[in-house]
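Text of input.pdb (PDB, C-alpha atoms, pLDDT in the B column) as supplied:
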```pdb
MODEL        1
ATOM      1  CA  MET A  10      -6.558   0.258 -21.015  1.00 92.00           C
ATOM      2  CA  VAL A  11      -9.201   1.355 -18.534  1.00 94.00           C
ATOM      3  CA  LEU A  12      -7.918   2.039 -15.015  1.00 96.00           C
ATOM      4  CA  GLU A  13     -10.735   1.814 -12.508  1.00 96.00           C
ATOM      5  CA  LEU A  14     -10.596   2.888  -8.874  1.00 96.00           C
ATOM      6  CA  GLN A  15     -13.229   1.295  -6.677  1.00 95.00           C
ATOM      7  CA  ASN A  16     -13.995   2.532  -3.150  1.00 95.00           C
ATOM      8  CA  ILE A  17     -10.455   3.780  -2.503  1.00 96.00           C
ATOM      9  CA  SER A  18      -9.982   5.045   1.056  1.00 95.00           C
ATOM     10  CA  LYS A  19      -6.857   6.362   2.771  1.00 95.00           C
ATOM     11  CA  SER A  20      -6.324   7.860   6.218  1.00 94.00           C
ATOM     12  CA  PHE A  21      -3.272   9.319   7.932  1.00 93.00           C
ATOM     13  CA  ASP A  22      -3.138   9.198  11.730  1.00 92.00           C
ATOM     14  CA  GLY A  23      -6.876   8.500  11.818  1.00 89.00           C
ATOM     15  CA  LEU A  24      -7.741  11.460   9.554  1.00 91.00           C
ATOM     16  CA  PRO A  25      -9.482  10.353   6.339  1.00 91.00           C
ATOM     17  CA  VAL A  26      -7.991  11.931   3.200  1.00 92.00           C
ATOM     18  CA  LEU A  27      -9.769   9.787   0.619  1.00 93.00           C
ATOM     19  CA  LYS A  28     -13.058   8.064   1.379  1.00 93.00           C
ATOM     20  CA  ASP A  29     -14.769   5.596  -0.961  1.00 94.00           C
ATOM     21  CA  LEU A  30     -13.295   7.227  -4.074  1.00 94.00           C
ATOM     22  CA  ASN A  31     -14.605   5.871  -7.384  1.00 95.00           C
ATOM     23  CA  LEU A  32     -12.993   6.917 -10.672  1.00 95.00           C
ATOM     24  CA  SER A  33     -12.278   5.578 -14.166  1.00 96.00           C
ATOM     25  CA  PHE A  34      -9.354   6.640 -16.358  1.00 97.00           C
ATOM     26  CA  HIS A  35      -9.019   5.723 -20.046  1.00 97.00           C
ATOM     27  CA  THR A  36      -5.759   5.392 -21.979  1.00 96.00           C
ATOM     28  CA  GLY A  37      -5.112   8.295 -24.336  1.00 96.00           C
ATOM     29  CA  GLN A  38      -7.162  10.738 -22.254  1.00 97.00           C
ATOM     30  CA  CYS A  39      -6.067  13.587 -19.977  1.00 98.00           C
ATOM     31  CA  TYR A  40      -7.640  14.029 -16.532  1.00 97.00           C
ATOM     32  CA  CYS A  41      -7.109  17.142 -14.399  1.00 96.00           C
ATOM     33  CA  LEU A  42      -7.594  16.673 -10.665  1.00 95.00           C
ATOM     34  CA  MET A  43      -8.904  19.814  -8.986  1.00 90.00           C
ATOM     35  CA  SER A  44      -9.866  20.246  -5.353  1.00 80.00           C
ATOM     36  CA  PRO A  45      -8.744  22.411  -2.410  1.00 75.00           C
ATOM     37  CA  SER A  46      -5.278  21.895  -0.916  1.00 74.00           C
ATOM     38  CA  GLY A  47      -5.176  18.977   1.495  1.00 71.00           C
ATOM     39  CA  SER A  48      -8.114  17.189  -0.125  1.00 76.00           C
ATOM     40  CA  GLY A  49      -6.185  14.181  -1.391  1.00 89.00           C
ATOM     41  CA  LYS A  50      -4.822  14.992  -4.876  1.00 92.00           C
ATOM     42  CA  THR A  51      -1.211  14.169  -3.990  1.00 93.00           C
ATOM     43  CA  THR A  52      -2.276  11.117  -1.971  1.00 94.00           C
ATOM     44  CA  LEU A  53      -4.266   9.784  -4.935  1.00 95.00           C
ATOM     45  CA  LEU A  54      -1.334  10.335  -7.305  1.00 96.00           C
ATOM     46  CA  ARG A  55       1.020   8.566  -4.859  1.00 95.00           C
ATOM     47  CA  ILE A  56      -1.384   5.603  -4.709  1.00 95.00           C
ATOM     48  CA  LEU A  57      -1.430   5.512  -8.533  1.00 96.00           C
ATOM     49  CA  MET A  58       2.386   5.675  -8.534  1.00 94.00           C
ATOM     50  CA  GLY A  59       2.514   2.669  -6.211  1.00 92.00           C
ATOM     51  CA  LEU A  60       4.210   4.747  -3.468  1.00 92.00           C
ATOM     52  CA  GLU A  61       1.243   4.535  -1.073  1.00 93.00           C
ATOM     53  CA  GLN A  62      -1.160   1.686  -0.445  1.00 94.00           C
ATOM     54  CA  ALA A  63      -4.862   2.427  -0.071  1.00 95.00           C
ATOM     55  CA  ASP A  64      -6.345   1.328   3.267  1.00 96.00           C
ATOM     56  CA  GLN A  65      -9.188  -0.238   1.327  1.00 96.00           C
ATOM     57  CA  GLY A  66     -10.532  -0.454  -2.192  1.00 96.00           C
ATOM     58  CA  LEU A  67      -9.353  -1.862  -5.503  1.00 95.00           C
ATOM     59  CA  ILE A  68      -7.540  -0.621  -8.587  1.00 96.00           C
ATOM     60  CA  LEU A  69      -8.490  -2.551 -11.721  1.00 95.00           C
ATOM     61  CA  ALA A  70      -6.796  -2.485 -15.129  1.00 93.00           C
ATOM     62  CA  ASP A  71      -9.262  -3.681 -17.782  1.00 93.00           C
ATOM     63  CA  GLY A  72     -11.276  -5.376 -15.048  1.00 93.00           C
ATOM     64  CA  THR A  73      -8.323  -7.171 -13.402  1.00 94.00           C
ATOM     65  CA  PRO A  74      -6.926  -6.164  -9.974  1.00 93.00           C
ATOM     66  CA  GLN A  75      -3.727  -4.233 -10.614  1.00 90.00           C
ATOM     67  CA  ASP A  76      -0.544  -3.718  -8.599  1.00 90.00           C
ATOM     68  CA  MET A  77       0.381  -0.175  -9.688  1.00 90.00           C
ATOM     69  CA  SER A  78       4.085  -0.673  -8.938  1.00 87.00           C
ATOM     70  CA  SER A  79       4.205  -3.213 -11.787  1.00 90.00           C
ATOM     71  CA  LEU A  80       2.992  -0.747 -14.451  1.00 91.00           C
ATOM     72  CA  PRO A  81       5.403   1.429 -16.479  1.00 94.00           C
ATOM     73  CA  ILE A  82       4.647   4.860 -15.014  1.00 96.00           C
ATOM     74  CA  SER A  83       6.547   8.134 -15.355  1.00 96.00           C
ATOM     75  CA  ALA A  84       5.858  10.941 -12.944  1.00 97.00           C
ATOM     76  CA  VAL A  85       6.320  14.578 -12.009  1.00 97.00           C
ATOM     77  CA  PHE A  86       6.325  14.673  -8.220  1.00 95.00           C
ATOM     78  CA  GLN A  87       5.254  17.568  -6.016  1.00 90.00           C
ATOM     79  CA  GLU A  88       8.981  18.150  -5.456  1.00 92.00           C
ATOM     80  CA  ASP A  89      11.242  18.149  -8.535  1.00 93.00           C
ATOM     81  CA  ARG A  90      13.271  15.139  -7.307  1.00 94.00           C
ATOM     82  CA  LEU A  91      16.232  15.876  -9.563  1.00 96.00           C
ATOM     83  CA  CYS A  92      19.872  14.922  -8.961  1.00 96.00           C
ATOM     84  CA  GLU A  93      21.177  18.408  -8.187  1.00 96.00           C
ATOM     85  CA  SER A  94      24.794  17.737  -9.215  1.00 97.00           C
ATOM     86  CA  PHE A  95      23.741  16.289 -12.595  1.00 97.00           C
ATOM     87  CA  SER A  96      22.912  18.359 -15.668  1.00 97.00           C
ATOM     88  CA  PRO A  97      19.372  18.499 -17.093  1.00 96.00           C
ATOM     89  CA  ILE A  98      20.446  16.151 -19.900  1.00 95.00           C
ATOM     90  CA  GLU A  99      21.931  13.655 -17.414  1.00 95.00           C
ATOM     91  CA  ASN A 100      18.787  13.762 -15.251  1.00 96.00           C
ATOM     92  CA  VAL A 101      16.612  12.831 -18.224  1.00 96.00           C
ATOM     93  CA  ALA A 102      19.040  10.264 -19.674  1.00 95.00           C
ATOM     94  CA  MET A 103      19.195   8.463 -16.326  1.00 94.00           C
ATOM     95  CA  CYS A 104      15.440   7.729 -16.480  1.00 93.00           C
ATOM     96  CA  ALA A 105      14.931   7.441 -20.232  1.00 91.00           C
ATOM     97  CA  GLY A 106      17.588   4.731 -20.476  1.00 86.00           C
ATOM     98  CA  ARG A 107      19.032   3.590 -23.775  1.00 87.00           C
ATOM     99  CA  SER A 108      15.740   3.966 -25.599  1.00 83.00           C
ATOM    100  CA  VAL A 109      16.410   7.682 -26.165  1.00 89.00           C
ATOM    101  CA  LYS A 110      19.778   8.877 -27.500  1.00 91.00           C
ATOM    102  CA  ALA A 111      21.598  11.727 -25.759  1.00 88.00           C
ATOM    103  CA  SER A 112      21.504  13.808 -28.950  1.00 92.00           C
ATOM    104  CA  ARG A 113      17.717  13.448 -29.073  1.00 94.00           C
ATOM    105  CA  ILE A 114      17.377  14.396 -25.394  1.00 94.00           C
ATOM    106  CA  LYS A 115      19.509  17.506 -25.977  1.00 94.00           C
ATOM    107  CA  TRP A 116      17.412  18.523 -28.977  1.00 96.00           C
ATOM    108  CA  GLU A 117      14.137  18.007 -27.088  1.00 96.00           C
ATOM    109  CA  MET A 118      15.300  19.900 -24.009  1.00 95.00           C
ATOM    110  CA  ALA A 119      16.442  22.888 -26.060  1.00 96.00           C
ATOM    111  CA  ARG A 120      12.787  23.380 -27.003  1.00 96.00           C
ATOM    112  CA  LEU A 121      11.866  24.389 -23.447  1.00 96.00           C
ATOM    113  CA  LEU A 122      15.187  25.399 -21.875  1.00 96.00           C
ATOM    114  CA  PRO A 123      18.000  27.810 -22.830  1.00 95.00           C
ATOM    115  CA  GLN A 124      20.822  25.951 -24.595  1.00 94.00           C
ATOM    116  CA  GLU A 125      23.425  27.286 -22.172  1.00 95.00           C
ATOM    117  CA  CYS A 126      21.862  25.578 -19.140  1.00 95.00           C
ATOM    118  CA  LEU A 127      21.566  22.049 -20.571  1.00 95.00           C
ATOM    119  CA  ASN A 128      24.985  20.901 -19.326  1.00 94.00           C
ATOM    120  CA  ARG A 129      25.083  22.894 -16.087  1.00 96.00           C
ATOM    121  CA  PRO A 130      24.378  21.257 -12.705  1.00 97.00           C
ATOM    122  CA  VAL A 131      20.648  21.378 -11.972  1.00 97.00           C
ATOM    123  CA  SER A 132      21.498  23.102  -8.655  1.00 97.00           C
ATOM    124  CA  THR A 133      22.346  26.274 -10.637  1.00 97.00           C
ATOM    125  CA  LEU A 134      18.928  26.472 -12.329  1.00 96.00           C
ATOM    126  CA  SER A 135      15.895  28.514 -11.295  1.00 93.00           C
ATOM    127  CA  GLY A 136      12.815  26.833  -9.840  1.00 93.00           C
ATOM    128  CA  GLY A 137      10.888  27.171 -13.101  1.00 93.00           C
ATOM    129  CA  MET A 138      13.770  25.623 -15.074  1.00 95.00           C
ATOM    130  CA  LYS A 139      13.972  22.683 -12.662  1.00 96.00           C
ATOM    131  CA  ARG A 140      10.238  22.137 -13.074  1.00 96.00           C
ATOM    132  CA  ARG A 141      10.652  21.978 -16.853  1.00 96.00           C
ATOM    133  CA  VAL A 142      13.416  19.390 -16.453  1.00 97.00           C
ATOM    134  CA  ALA A 143      11.117  17.303 -14.238  1.00 97.00           C
ATOM    135  CA  VAL A 144       8.278  17.532 -16.786  1.00 97.00           C
ATOM    136  CA  MET A 145      10.533  16.605 -19.710  1.00 96.00           C
ATOM    137  CA  ARG A 146      12.050  13.714 -17.766  1.00 96.00           C
ATOM    138  CA  ALA A 147       8.551  12.243 -17.318  1.00 97.00           C
ATOM    139  CA  LEU A 148       7.575  12.798 -20.953  1.00 97.00           C
ATOM    140  CA  LEU A 149      10.785  11.402 -22.475  1.00 96.00           C
ATOM    141  CA  THR A 150      10.804   8.287 -20.275  1.00 95.00           C
ATOM    142  CA  PRO A 151       9.031   5.294 -21.895  1.00 94.00           C
ATOM    143  CA  SER A 152       5.798   4.572 -20.002  1.00 95.00           C
ATOM    144  CA  ARG A 153       2.108   3.786 -20.357  1.00 95.00           C
ATOM    145  CA  ILE A 154       0.902   6.236 -17.721  1.00 97.00           C
ATOM    146  CA  LEU A 155       1.927   9.847 -17.016  1.00 98.00           C
ATOM    147  CA  LEU A 156       1.216  11.222 -13.541  1.00 98.00           C
ATOM    148  CA  MET A 157       1.962  14.894 -12.805  1.00 97.00           C
ATOM    149  CA  ASP A 158       1.537  16.620  -9.445  1.00 95.00           C
ATOM    150  CA  GLU A 159       1.104  20.364 -10.121  1.00 94.00           C
ATOM    151  CA  PRO A 160       3.576  20.375 -13.042  1.00 96.00           C
ATOM    152  CA  PHE A 161       3.206  24.120 -13.765  1.00 94.00           C
ATOM    153  CA  THR A 162       4.548  25.381 -10.414  1.00 89.00           C
ATOM    154  CA  GLY A 163       6.832  28.397 -10.844  1.00 87.00           C
ATOM    155  CA  MET A 164       5.875  29.083 -14.476  1.00 91.00           C
ATOM    156  CA  ASP A 165       4.498  32.319 -15.886  1.00 91.00           C
ATOM    157  CA  GLU A 166       1.543  32.277 -18.295  1.00 92.00           C
ATOM    158  CA  GLU A 167       3.530  32.168 -21.551  1.00 94.00           C
ATOM    159  CA  LEU A 168       5.896  29.481 -20.313  1.00 94.00           C
ATOM    160  CA  LYS A 169       3.004  27.399 -18.987  1.00 95.00           C
ATOM    161  CA  ARG A 170       1.312  27.518 -22.390  1.00 95.00           C
ATOM    162  CA  ASN A 171       4.530  26.332 -24.052  1.00 96.00           C
ATOM    163  CA  VAL A 172       4.898  23.482 -21.560  1.00 96.00           C
ATOM    164  CA  ILE A 173       1.241  22.467 -21.979  1.00 96.00           C
ATOM    165  CA  SER A 174       1.690  22.416 -25.752  1.00 96.00           C
ATOM    166  CA  TYR A 175       4.755  20.190 -25.315  1.00 97.00           C
ATOM    167  CA  ILE A 176       2.895  17.837 -22.952  1.00 97.00           C
ATOM    168  CA  ARG A 177       0.041  17.467 -25.444  1.00 96.00           C
ATOM    169  CA  GLU A 178       2.506  16.680 -28.215  1.00 96.00           C
ATOM    170  CA  LYS A 179       4.445  14.128 -26.162  1.00 96.00           C
ATOM    171  CA  GLN A 180       1.513  12.420 -24.426  1.00 96.00           C
ATOM    172  CA  ASP A 181       1.481  10.092 -27.429  1.00 95.00           C
ATOM    173  CA  GLY A 182      -1.568   8.007 -26.570  1.00 96.00           C
ATOM    174  CA  ARG A 183      -0.658   7.562 -22.911  1.00 97.00           C
ATOM    175  CA  LEU A 184      -3.021   8.062 -19.977  1.00 97.00           C
ATOM    176  CA  LEU A 185      -2.256  11.443 -18.388  1.00 98.00           C
ATOM    177  CA  VAL A 186      -3.456  12.380 -14.891  1.00 98.00           C
ATOM    178  CA  LEU A 187      -2.344  15.711 -13.455  1.00 97.00           C
ATOM    179  CA  SER A 188      -3.308  17.938 -10.556  1.00 95.00           C
ATOM    180  CA  THR A 189      -3.713  21.696 -10.838  1.00 91.00           C
ATOM    181  CA  HIS A 190      -5.238  24.637  -8.978  1.00 86.00           C
ATOM    182  CA  GLN A 191      -6.088  26.573 -12.153  1.00 87.00           C
ATOM    183  CA  GLU A 192      -9.293  25.807 -14.014  1.00 88.00           C
ATOM    184  CA  GLU A 193      -7.889  27.464 -17.146  1.00 90.00           C
ATOM    185  CA  ASP A 194      -5.215  24.727 -17.298  1.00 92.00           C
ATOM    186  CA  VAL A 195      -7.935  22.129 -17.887  1.00 93.00           C
ATOM    187  CA  GLU A 196      -9.090  23.929 -21.023  1.00 93.00           C
ATOM    188  CA  LEU A 197      -5.554  24.676 -22.225  1.00 93.00           C
ATOM    189  CA  ILE A 198      -4.500  21.032 -22.027  1.00 95.00           C
ATOM    190  CA  GLY A 199      -7.824  19.719 -23.334  1.00 95.00           C
ATOM    191  CA  GLY A 200      -8.388  17.595 -20.262  1.00 96.00           C
ATOM    192  CA  GLU A 201     -11.396  16.377 -18.335  1.00 96.00           C
ATOM    193  CA  LEU A 202     -11.951  18.104 -15.009  1.00 95.00           C
ATOM    194  CA  VAL A 203     -12.124  15.683 -12.070  1.00 94.00           C
ATOM    195  CA  SER A 204     -13.331  17.079  -8.751  1.00 90.00           C
ATOM    196  CA  LEU A 205     -12.311  14.604  -6.048  1.00 85.00           C
ATOM    197  CA  GLU A 206     -15.127  15.642  -3.721  1.00 82.00           C
ATOM    198  CA  SER A 207     -17.762  14.631  -6.264  1.00 81.00           C
ATOM    199  CA  CYS A 208     -16.152  11.179  -6.671  1.00 80.00           C
ATOM    200  CA  MET A 209     -16.267  10.314  -2.962  1.00 80.00           C
ATOM    201  CA  ASP A 210     -19.092   9.064  -0.779  1.00 66.00           C
ATOM    202  CA  GLY A 211     -19.748  10.680   2.581  1.00 51.00           C
TER     203      GLY A 211
ENDMDL
END
```
What would the structure in this file look like if it were written as structure tokens?
Amino acid sequence: MVLELQNISKSFDGLPVLKDLNLSFHTGQCYCLMSPSGSGKTTLLRILMGLEQADQGLILADGTPQDMSSLPISAVFQEDRLCESFSPIENVAMCAGRSVKASRIKWEMARLLPQECLNRPVSTLSGGMKRRVAVMRALLTPSRILLMDEPFTGMDEELKRNVISYIREKQDGRLLVLSTHQEEDVELIGGELVSLESCMDG
């Protein structure tokens, strides 16, 4: 699938955030959005998630206008958006549905999280642990598109490398679009750098 954004514009309270943005994304590839804070990365990801509507422009899937809310998308939001009273396993199981067994979820999560925290309420976890739960929830949920808004927040260098390795393993042919502030992340994940400024007119 080729996802094509044509002349996407979005303003908030009269202030343009995206202006005539043109981009193409190909299934199986990884794209890393990089631009200064406040330049539209989160807004673009929310439009791709179907949570915001562009003021103008088109999104095409294989040449056909596409309603993004109808596509199977899994996401890591800017906030973790976890159910704080649920355990990490329960948070993932809730989104993954019956397609992934609880025993499999537990085994997968033990690869990035200490065993002892898997059944504790998420509210008792550190920020970096919560972020890992959010990343694993997106990866273990069946989808065609993975969207991640600064997924490495709160992670040290070694942990980030482990998480990136896990993302690469679990991408499994899906389109992956993520935002980051670190240029080194682009190389580590083997992605294509996308500078939003260079994709906009004016």
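Counting from atom CA of A:Glu196, the distance to atom CA of A:Tyr40 is 11.0 Å.
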Go through stretch 137-168 of chain A and flag each residue having an atom no more than 12 Å from stretch 21-39 of chain A; for those, report the closest pair of atoms plus their distance in Å to one decimal, using all atoms listed in the file, ordered by chain and rising number, as a tab-separated table.
```
residue	atom	partner	partner_atom	distance
A:Ser152	CA	A:Thr36	CA	11.8
A:Arg153	CA	A:Thr36	CA	8.2
A:Ile154	CA	A:Thr36	CA	8.0
A:Leu155	CA	A:Cys39	CA	9.3
A:Leu156	CA	A:Cys39	CA	10.0
A:Met157	CA	A:Cys39	CA	10.8
```
Non-local contacts of A:Glu99 (10 Å; only C-alpha atoms; under 2 positions in same chain excluded) as a PDB file with C-alpha atoms, keeping the file's coordinate frame:
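Resulting contents of result.pdb:
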```
ATOM      1  CA  LEU A  91      16.232  15.876  -9.563  1.00 96.00           C
ATOM      2  CA  CYS A  92      19.872  14.922  -8.961  1.00 96.00           C
ATOM      3  CA  SER A  94      24.794  17.737  -9.215  1.00 97.00           C
ATOM      4  CA  PHE A  95      23.741  16.289 -12.595  1.00 97.00           C
ATOM      5  CA  SER A  96      22.912  18.359 -15.668  1.00 97.00           C
ATOM      6  CA  PRO A  97      19.372  18.499 -17.093  1.00 96.00           C
ATOM      7  CA  VAL A 101      16.612  12.831 -18.224  1.00 96.00           C
ATOM      8  CA  ALA A 102      19.040  10.264 -19.674  1.00 95.00           C
ATOM      9  CA  MET A 103      19.195   8.463 -16.326  1.00 94.00           C
ATOM     10  CA  CYS A 104      15.440   7.729 -16.480  1.00 93.00           C
ATOM     11  CA  ALA A 105      14.931   7.441 -20.232  1.00 91.00           C
ATOM     12  CA  ALA A 111      21.598  11.727 -25.759  1.00 88.00           C
ATOM     13  CA  ILE A 114      17.377  14.396 -25.394  1.00 94.00           C
ATOM     14  CA  LYS A 115      19.509  17.506 -25.977  1.00 94.00           C
ATOM     15  CA  LEU A 127      21.566  22.049 -20.571  1.00 95.00           C
ATOM     16  CA  ASN A 128      24.985  20.901 -19.326  1.00 94.00           C
ATOM     17  CA  ARG A 129      25.083  22.894 -16.087  1.00 96.00           C
ATOM     18  CA  PRO A 130      24.378  21.257 -12.705  1.00 97.00           C
ATOM     19  CA  VAL A 131      20.648  21.378 -11.972  1.00 97.00           C
ATOM     20  CA  ARG A 146      12.050  13.714 -17.766  1.00 96.00           C
TER      21      ARG A 146
END
```
Q: Would you mind reading off the distance between atom CA of A:Gly47 and atom CA of A:Val144, one decimal, in Å?
A: 22.7 Å
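Between atom CA of A:Ile98 and atom CA of A:Arg183 the separation is 23.0 Å.
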Within 9 Å of A:Val172, counting all atoms listed in the file, which residues qualify if same-chain residues fewer than 4 places away don't, as a PDB file with C-alpha atoms, keeping the file's coordinate frame?
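Ended up saving to out-v8.pdb:
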```pdb
ATOM      1  CA  LEU A 121      11.866  24.389 -23.447  1.00 96.00           C
ATOM      2  CA  ARG A 141      10.652  21.978 -16.853  1.00 96.00           C
ATOM      3  CA  VAL A 144       8.278  17.532 -16.786  1.00 97.00           C
ATOM      4  CA  PHE A 161       3.206  24.120 -13.765  1.00 94.00           C
ATOM      5  CA  GLU A 167       3.530  32.168 -21.551  1.00 94.00           C
ATOM      6  CA  LEU A 168       5.896  29.481 -20.313  1.00 94.00           C
ATOM      7  CA  ILE A 176       2.895  17.837 -22.952  1.00 97.00           C
ATOM      8  CA  ARG A 177       0.041  17.467 -25.444  1.00 96.00           C
TER       9      ARG A 177
END
```
(Q) Evaluated on this file, the PyMOL selection byres ((chain A and resi 198) around 12) picks out some residues - which ones are they, written as JSON, numbers by chain? (A) {"A": [38, 39, 40, 41, 161, 169, 170, 171, 172, 173, 174, 175, 176, 177, 178, 180, 185, 186, 187, 188, 189, 191, 192, 193, 194, 195, 196, 197, 199, 200, 201, 202]}
Q | Residues near A:Arg55, cut-off 12 Å, only C-alpha atoms, skip fewer than 2 positions along chain, as an MDAnalysis selection string | A | chainID A and resid 19 49:53 57:63 77:78 82:87 156:158 186:188
Mind dumping the selected residues with C-alpha atoms as a short mmCIF file (atom, residue, chain, number, x, y, z; two decimals), keeping the file's coordinate frame?
```cif
data_model
loop_
_atom_site.label_atom_id
_atom_site.label_comp_id
_atom_site.auth_asym_id
_atom_site.auth_seq_id
_atom_site.Cartn_x
_atom_site.Cartn_y
_atom_site.Cartn_z
CA LYS A 19 -6.86 6.36 2.77
CA GLY A 49 -6.18 14.18 -1.39
CA LYS A 50 -4.82 14.99 -4.88
CA THR A 51 -1.21 14.17 -3.99
CA THR A 52 -2.28 11.12 -1.97
CA LEU A 53 -4.27 9.78 -4.93
CA LEU A 57 -1.43 5.51 -8.53
CA MET A 58 2.39 5.68 -8.53
CA GLY A 59 2.51 2.67 -6.21
CA LEU A 60 4.21 4.75 -3.47
CA GLU A 61 1.24 4.54 -1.07
CA GLN A 62 -1.16 1.69 -0.44
CA ALA A 63 -4.86 2.43 -0.07
CA MET A 77 0.38 -0.18 -9.69
CA SER A 78 4.08 -0.67 -8.94
CA ILE A 82 4.65 4.86 -15.01
CA SER A 83 6.55 8.13 -15.36
CA ALA A 84 5.86 10.94 -12.94
CA VAL A 85 6.32 14.58 -12.01
CA PHE A 86 6.32 14.67 -8.22
CA GLN A 87 5.25 17.57 -6.02
CA LEU A 156 1.22 11.22 -13.54
CA MET A 157 1.96 14.89 -12.80
CA ASP A 158 1.54 16.62 -9.44
CA VAL A 186 -3.46 12.38 -14.89
CA LEU A 187 -2.34 15.71 -13.46
CA SER A 188 -3.31 17.94 -10.56
#
```
Q: Point out the residue among A:Pro45, A:Pro81, A:Gly163, A:Pro123 with the least atom-to-atom distance to A:Ala147, counting only C-alpha atoms.
A: A:Pro81
Q. What does the PyMOL selection byres ((chain A and resi 204) around 6) select in this file, as a ChimeraX atom specification?
A. /A:43-44,203,205-207
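Residue nearest A:Gly72 within the list A:Leu54, A:Leu149, A:Cys126, A:Met10: A:Met10 [criterion: smallest interatomic distance, all atoms listed in the file].
Nearest to A:Ile56 of all the residues A:Leu69, A:Met145, A:Leu42, A:Ile17 is A:Ile17, based on only C-alpha atoms.
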Q.
Measuring between only C-alpha atoms, which one of A:Glu13, A:Glu159, A:Asp181, A:Glu125 shows the shortest distance to A:Gln75?
A.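 Among A:Glu13, A:Glu159, A:Asp181, A:Glu125, it is A:Glu13 that comes nearest to A:Gln75.
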